[in-house]
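Just query_39.txt here, compact mmCIF, C-alpha atoms:
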# COMPACT_ATOMS: atom_id res chain seq x y z
CA MET A 20 0.80 6.76 1.34
CA ARG A 21 -2.92 7.28 0.31
CA PHE A 22 -7.19 8.49 0.79
CA THR A 23 -10.80 9.49 1.35
CA LEU A 24 -14.01 8.89 3.25
CA LEU A 25 -16.11 8.58 6.21
CA THR A 26 -18.24 9.23 9.25
CA VAL A 27 -18.20 5.99 11.23
CA VAL A 28 -15.39 7.39 13.38
CA ALA A 29 -18.05 9.02 15.52
CA THR A 30 -19.40 5.62 16.53
CA LEU A 31 -16.07 4.35 17.87
CA PHE A 32 -14.79 4.53 21.43
CA THR A 33 -12.56 7.48 22.22
CA ALA A 34 -10.10 5.61 24.45
CA ALA A 35 -7.39 3.68 22.65
CA PRO A 36 -6.97 0.18 24.15
CA SER A 37 -3.62 -1.08 25.38
CA PHE A 38 -2.10 -4.39 24.29
CA GLY A 39 -3.61 -7.33 26.18
CA GLN A 40 -7.08 -5.85 26.66
CA ALA A 41 -10.16 -7.13 24.87
CA ILE A 42 -10.45 -5.03 21.73
CA THR A 43 -12.29 -4.91 18.44
CA ALA A 44 -10.95 -4.49 14.93
CA GLN A 45 -12.64 -1.09 14.76
CA GLU A 46 -10.82 0.05 17.91
CA VAL A 47 -7.49 -1.02 16.46
CA LEU A 48 -8.30 0.92 13.29
CA LYS A 49 -9.33 4.03 15.21
CA LYS A 50 -6.05 4.03 17.14
CA ALA A 51 -4.15 3.60 13.86
CA ILE A 52 -5.95 6.51 12.21
CA GLU A 53 -5.00 8.78 15.10
CA ALA A 54 -1.42 7.48 15.07
CA HIS A 55 -1.04 8.34 11.38
CA GLY A 56 -2.22 11.92 11.81
CA GLY A 57 -5.98 11.70 12.35
CA ALA A 58 -8.95 11.31 10.03
CA GLU A 59 -9.09 14.99 9.05
CA VAL A 60 -5.49 15.01 7.82
CA LEU A 61 -5.72 11.62 6.10
CA ASN A 62 -8.92 12.58 4.31
CA LYS A 63 -7.40 15.89 3.20
CA TYR A 64 -4.85 14.11 0.99
CA PRO A 65 -6.46 11.49 -1.28
CA ALA A 66 -3.51 11.74 -3.64
CA GLY A 67 0.25 11.91 -3.56
CA THR A 68 3.56 11.54 -5.36
CA SER A 69 6.88 10.04 -4.32
CA LYS A 70 10.39 9.35 -5.55
CA MET A 71 12.06 6.10 -4.61
CA ALA A 72 15.08 3.86 -5.03
CA GLY A 73 15.70 0.26 -4.13
CA LYS A 74 16.45 -3.20 -5.43
CA LEU A 75 14.53 -6.19 -6.77
CA THR A 76 15.61 -9.76 -6.10
CA ILE A 77 14.50 -12.20 -8.80
CA SER A 78 15.80 -15.78 -9.11
CA GLY A 79 18.67 -14.90 -6.81
CA PHE A 80 19.78 -11.87 -8.84
CA GLU A 81 19.58 -8.31 -7.50
CA PHE A 82 18.52 -5.44 -9.72
CA PRO A 83 18.84 -1.86 -8.47
CA PHE A 84 16.14 0.56 -9.55
CA LYS A 85 14.83 4.06 -9.07
CA GLY A 86 11.44 5.48 -9.91
CA THR A 87 8.39 7.56 -9.16
CA LEU A 88 4.84 6.86 -8.00
CA ALA A 89 1.67 8.92 -8.28
CA PHE A 90 -1.76 7.96 -6.99
CA ALA A 91 -5.18 9.52 -6.65
CA LEU A 92 -8.36 8.12 -5.19
CA PRO A 93 -10.36 6.49 -6.40
CA GLY A 94 -8.56 3.88 -8.45
CA LYS A 95 -5.62 5.72 -10.05
CA VAL A 96 -1.95 4.78 -9.88
CA ARG A 97 1.04 5.54 -12.11
CA LEU A 98 4.36 3.78 -11.44
CA PHE A 99 7.58 4.43 -13.35
CA ILE A 100 10.81 2.56 -12.65
CA GLU A 101 14.23 2.46 -14.27
CA ALA A 102 16.34 -0.64 -13.66
CA GLU A 103 19.60 -2.14 -14.81
CA ALA A 104 20.03 -5.86 -15.44
CA MET A 105 23.23 -7.47 -16.70
CA GLY A 106 24.51 -4.14 -17.98
CA MET A 107 21.29 -3.33 -19.82
CA LYS A 108 19.03 -0.48 -18.79
CA MET A 109 15.26 -0.60 -19.11
CA ASN A 110 12.24 1.28 -17.88
CA VAL A 111 8.73 0.16 -17.05
CA THR A 112 5.60 2.29 -16.72
CA GLN A 113 2.37 0.92 -15.24
CA ILE A 114 -0.82 2.97 -15.29
CA ILE A 115 -4.04 1.90 -13.63
CA ASN A 116 -7.12 4.09 -14.04
CA GLY A 117 -10.26 2.30 -12.93
CA ASP A 118 -10.71 -0.76 -15.11
CA LYS A 119 -8.08 0.45 -17.60
CA VAL A 120 -4.57 -0.96 -17.23
CA VAL A 121 -1.51 -0.41 -19.40
CA GLN A 122 2.13 -1.39 -19.11
CA LEU A 123 4.97 0.08 -21.16
CA GLU A 124 8.45 -1.40 -21.39
CA ASN A 125 11.04 1.00 -22.77
CA ASP A 126 8.08 3.22 -23.72
CA LYS A 127 6.42 0.50 -25.83
CA PRO A 128 3.07 -1.10 -24.88
CA THR A 129 3.27 -4.72 -23.72
CA LYS A 130 0.50 -7.30 -23.68
CA LEU A 131 -0.66 -8.36 -20.24
CA SER A 132 -2.32 -11.62 -19.32
CA ASP A 133 -5.75 -11.40 -17.70
CA THR A 134 -4.32 -12.60 -14.37
CA MET A 135 -1.55 -9.99 -14.38
CA ARG A 136 -4.00 -7.29 -15.38
CA GLN A 137 -6.17 -8.24 -12.40
CA GLU A 138 -3.10 -8.21 -10.16
CA LEU A 139 -2.13 -4.70 -11.24
CA GLN A 140 -5.65 -3.52 -10.56
CA GLN A 141 -5.05 -4.36 -6.88
CA SER A 142 -2.53 -1.51 -6.62
CA PRO A 143 -5.04 1.35 -6.18
CA ALA A 144 -6.93 -0.71 -3.59
CA ILE A 145 -3.74 -1.25 -1.60
CA GLN A 146 -3.03 2.48 -1.76
CA GLU A 147 -6.55 3.10 -0.50
CA MET A 148 -6.31 0.67 2.40
CA SER A 149 -3.00 2.09 3.57
CA LEU A 150 -4.66 5.50 4.08
CA LEU A 151 -6.84 3.69 6.64
CA THR A 152 -9.92 5.92 6.73
CA PRO A 153 -11.52 4.22 3.68
CA LEU A 154 -11.65 1.04 5.76
CA LEU A 155 -14.46 2.64 7.74
CA ASP A 156 -16.74 2.16 4.74
CA ALA A 157 -18.71 -0.96 5.69
CA LYS A 158 -20.17 -1.15 2.17
CA LYS A 159 -16.70 -1.93 0.81
CA TYR A 160 -14.84 -3.53 3.72
CA THR A 161 -15.50 -5.99 6.52
CA LEU A 162 -13.03 -5.96 9.41
CA SER A 163 -12.24 -8.70 11.92
CA LEU A 164 -9.40 -9.49 14.29
CA ALA A 165 -6.80 -12.03 13.18
CA LYS A 166 -3.96 -13.65 15.11
CA ASP A 167 -1.58 -11.13 16.66
CA GLU A 168 2.14 -11.54 16.01
CA ASP A 169 5.43 -9.77 16.52
CA VAL A 170 6.61 -7.45 13.73
CA ASN A 171 10.20 -6.26 13.92
CA GLY A 172 10.35 -7.74 17.41
CA LYS A 173 7.34 -5.80 18.71
CA PRO A 174 3.75 -7.00 19.39
CA ALA A 175 1.27 -6.09 16.66
CA HIS A 176 -2.51 -6.41 16.37
CA ALA A 177 -3.72 -8.10 13.19
CA VAL A 178 -6.87 -7.01 11.36
CA MET A 179 -8.30 -9.05 8.50
CA VAL A 180 -9.79 -6.88 5.77
CA LYS A 181 -12.34 -8.57 3.54
CA ARG A 182 -13.21 -6.63 0.42
CA LYS A 183 -16.43 -6.78 -1.53
CA LEU A 184 -14.24 -6.79 -4.66
CA GLY A 185 -10.73 -8.22 -4.49
CA LYS A 186 -8.61 -10.47 -2.30
CA ASP A 187 -8.48 -10.35 1.48
CA VAL A 188 -5.62 -8.48 3.14
CA THR A 189 -4.28 -8.68 6.69
CA LEU A 190 -2.97 -5.48 8.27
CA PHE A 191 -0.68 -5.45 11.30
CA PHE A 192 -0.61 -2.46 13.66
CA ASP A 193 2.05 -1.88 16.29
CA ALA A 194 0.27 -2.54 19.59
CA LYS A 195 1.95 0.38 21.34
CA THR A 196 2.07 3.11 18.69
CA GLY A 197 -0.86 2.06 16.47
CA LEU A 198 1.23 2.47 13.30
CA LEU A 199 0.64 0.22 10.29
CA VAL A 200 3.84 -1.86 10.24
CA LYS A 201 2.98 -4.80 7.97
CA MET A 202 0.59 -5.95 5.25
CA SER A 203 0.07 -9.56 4.14
CA ARG A 204 -1.83 -10.79 1.10
CA LYS A 205 -1.87 -13.32 -1.72
CA ALA A 206 -0.18 -11.89 -4.81
CA LEU A 207 1.42 -12.81 -8.12
CA ASN A 208 5.18 -12.78 -8.57
CA PRO A 209 6.78 -11.69 -11.89
CA MET A 210 6.40 -15.26 -13.16
CA GLU A 211 2.65 -15.01 -12.43
CA MET A 212 2.81 -17.62 -9.69
CA GLU A 213 0.77 -17.04 -6.54
CA VAL A 214 2.83 -16.18 -3.46
CA THR A 215 2.27 -14.90 0.05
CA GLU A 216 3.42 -11.30 -0.10
CA GLU A 217 4.42 -9.61 3.15
CA SER A 218 5.27 -5.90 3.13
CA THR A 219 6.94 -4.42 6.21
CA PHE A 220 6.99 -0.65 6.79
CA SER A 221 9.53 1.36 8.80
CA ASP A 222 11.27 4.74 9.18
CA PHE A 223 8.07 6.67 9.91
CA GLN A 224 8.23 10.44 9.36
CA LYS A 225 5.76 13.30 9.75
CA ILE A 226 4.93 14.99 6.43
CA SER A 227 2.15 17.61 6.13
CA GLY A 228 0.67 16.28 9.35
CA MET A 229 0.66 12.65 8.16
CA ILE A 230 2.86 9.96 9.67
CA VAL A 231 4.15 7.89 6.76
CA PRO A 232 6.79 5.14 6.33
CA LEU A 233 9.75 5.91 4.10
CA LYS A 234 11.13 2.37 3.98
CA LEU A 235 9.46 -0.76 2.64
CA ALA A 236 10.65 -4.39 2.54
CA VAL A 237 8.65 -6.97 0.56
CA ASP A 238 9.02 -10.74 0.91
CA HIS A 239 7.53 -13.42 -1.34
CA ASP A 240 6.95 -16.72 0.48
CA GLY A 241 9.43 -15.60 3.13
CA ARG A 242 12.21 -14.67 0.70
CA PRO A 243 13.34 -11.09 -0.08
CA PHE A 244 11.74 -9.67 -3.22
CA MET A 245 12.01 -5.90 -3.02
CA SER A 246 13.34 -3.13 -0.79
CA VAL A 247 12.42 0.52 -1.25
CA VAL A 248 13.54 3.81 0.24
CA VAL A 249 11.32 6.83 -0.43
CA SER A 250 13.30 10.04 -0.84
CA ASP A 251 10.49 12.49 -1.50
CA TYR A 252 6.84 11.92 -0.55
CA THR A 253 4.35 14.71 -1.23
CA PRO A 254 0.72 14.41 -0.02
CA LEU A 255 -1.68 16.15 -2.40
CA GLU A 256 -5.33 17.10 -2.43
CA LYS A 257 -5.58 16.28 -6.14
CA ILE A 258 -3.55 15.38 -9.23
CA ALA A 259 -4.35 16.30 -12.81
CA ASP A 260 -6.20 13.48 -14.61
CA LYS A 261 -3.68 13.60 -17.47
CA GLU A 262 -1.14 11.91 -15.18
CA PHE A 263 -3.24 8.76 -15.39
CA THR A 264 -4.26 8.85 -19.03
CA VAL A 265 -4.43 5.38 -20.57
CA ALA A 266 -4.30 5.23 -24.34
CA ASP A 267 -6.95 3.02 -25.94

Is it possible to give me this structure as structure tokens?
Amino acid sequence: MRFTLLTVVATLFTAAPSFGQAITAQEVLKKAIEAHGGAEVLNKYPAGTSKMAGKLTISGFEFPFKGTLAFALPGKVRLFIEAEAMGMKMNVTQIINGDKVVQLENDKPTKLSDTMRQELQQSPAIQEMSLLTPLLDAKKYTLSLAKDEDVNGKPAHAVMVKRKLGKDVTLFFDAKTGLLVKMSRKALNPMEMEVTEESTFSDFQKISGMIVPLKLAVDHDGRPFMSVVVSDYTPLEKIADKEFTVAD
């Protein structure tokens, strides 16, 4: 799903540890980078586009949707979704470009609260972290081991990611394969209430040398919130800036 940067790989051990051995967060990350295609491949594609379909669950009601996503490092994301609720169709566009954030509903600008604006600005950072290699930048991220747990019935190593700017995130890596299988963080739900958001990744496929998940399930406080199936993911070396233009 996303990014750029770094040289600290050379300072890490070359042997990937097995589950049960004493390890470090950096060793877990190194194994994950290799599992997802290697640093050279991940760094080659700091941008990408995808098509998706899924459903949202809000207040017990399910809303099917389809949409597209484009991202480019650093700090650029464009999300477009079309949904149907109670027989009415609507579309939402969210564009984040650095400190500029805009949301359109049915192609008309909507006013965002400061807290929701800040929440949307987390999206590019999440894209960045999921590409893994940016986490090697010690000026931006501090890594430490957290409590391991099972994800989808399999042991997973947990790595706490503290960011110089933004909320902490915990990443879970399958202990056997090294793949990123879960992400946990504090987030805002559509009602702007803070929740524990857990995103679980599955159906990993090889695309342009990268190993990426094509299915995503998101829970809020342990309850289903969103499920997504990606039908077309395209890693890119760059995307035209006009895709992320934010009108003043």

- Message: Could you tell me how far atom CA of A:Thr87 sits from atom CA of A:Ser250, in Å to one decimal place?
- Response: 10.0 Å

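Ranking A:Thr68, A:Asn116, A:Ser149, A:Gln122 by their shortest atom-to-atom distance to A:Phe263, with only C-alpha atoms included, puts A:Asn116 first.
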
- Task: Determine the nearest neighbour of A:Lys166 from the options A:Lys181, A:Phe192, A:Thr134, A:Met245, counting all atoms listed in the file.
- Result: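 Residue with the minimum atom-to-atom distance to A:Lys166: A:Phe192.
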
- Within 10 Å of A:Ala175 using only C-alpha atoms, minus same-chain residues under 4 positions, as a ChimeraX atom specification: /A:38,166-171,190-201

- Message: Which residues are near stretch 72-84 of chain A? Cut-off 12 Å, all atoms listed in the file, ignore same chain within fewer than 2 positions. Put them as a ChimeraX atom specification.
- Response: /A:69-70,86-88,99-111,208-210,233-239,242-251

- Task: Report the distance between atom CA of A:Ala206 and atom CA of A:Met135 in Å, rounded to one decimal place.
- Result: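 Separation between atom CA of A:Ala206 and atom CA of A:Met135: 9.9 Å.
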
- When you draw a straight line from atom CA of A:Val47 to atom CA of A:Tyr252, how long is it in Å?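 Interatomic distance here is 25.7 Å.
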
- Message: Set the distance at 6 Å and use all atoms listed in the file: which residues neighbour stretch 154-161 of chain A once local chain neighbours fewer than 5 positions away are removed? I'd like the list as number ranges by chain.
- Response: A: 180-183

Centre and edge lengths, as JSON, for the axis-aligned box enclosing every listed atom of stretch 75-89 of chain A with 5 Å of padding on each of the six sides, in Å to one decimal?
{"center_x": 10.7, "center_y": -3.4, "center_z": -8.0, "size_x": 28.1, "size_y": 34.7, "size_z": 13.8}

- Task: Using all atoms listed in the file, find the one residue out of A:Leu151, A:Ile258, A:Leu207, A:Val231 that sits nearest to A:Ser132.
- Result: A:Leu207

- Near-A:Met229 list (8 Å; all atoms listed in the file; drop same-chain fewer than 2 positions) as a PyMOL selection string: chain A and resi 55-57+60-61+224-227+231

- Message: Which residue is closest to A:Gly228? Choose from A:Val120, A:Ala44, A:Ala58, A:Val265 and count all atoms listed in the file.
- Response: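 When distances to A:Gly228 are compared using all atoms listed in the file, the smallest one comes from A:Ala58.
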
- Message: Could you list, as a PyMOL selection string, every residue within 10 Å of stretch 138-141 of chain A, counting all atoms listed in the file and ignoring same-chain residues fewer than 3 positions away?
- Response: chain A and resi 94-96+113-122+131-135+144-147+184-186+205-208+211
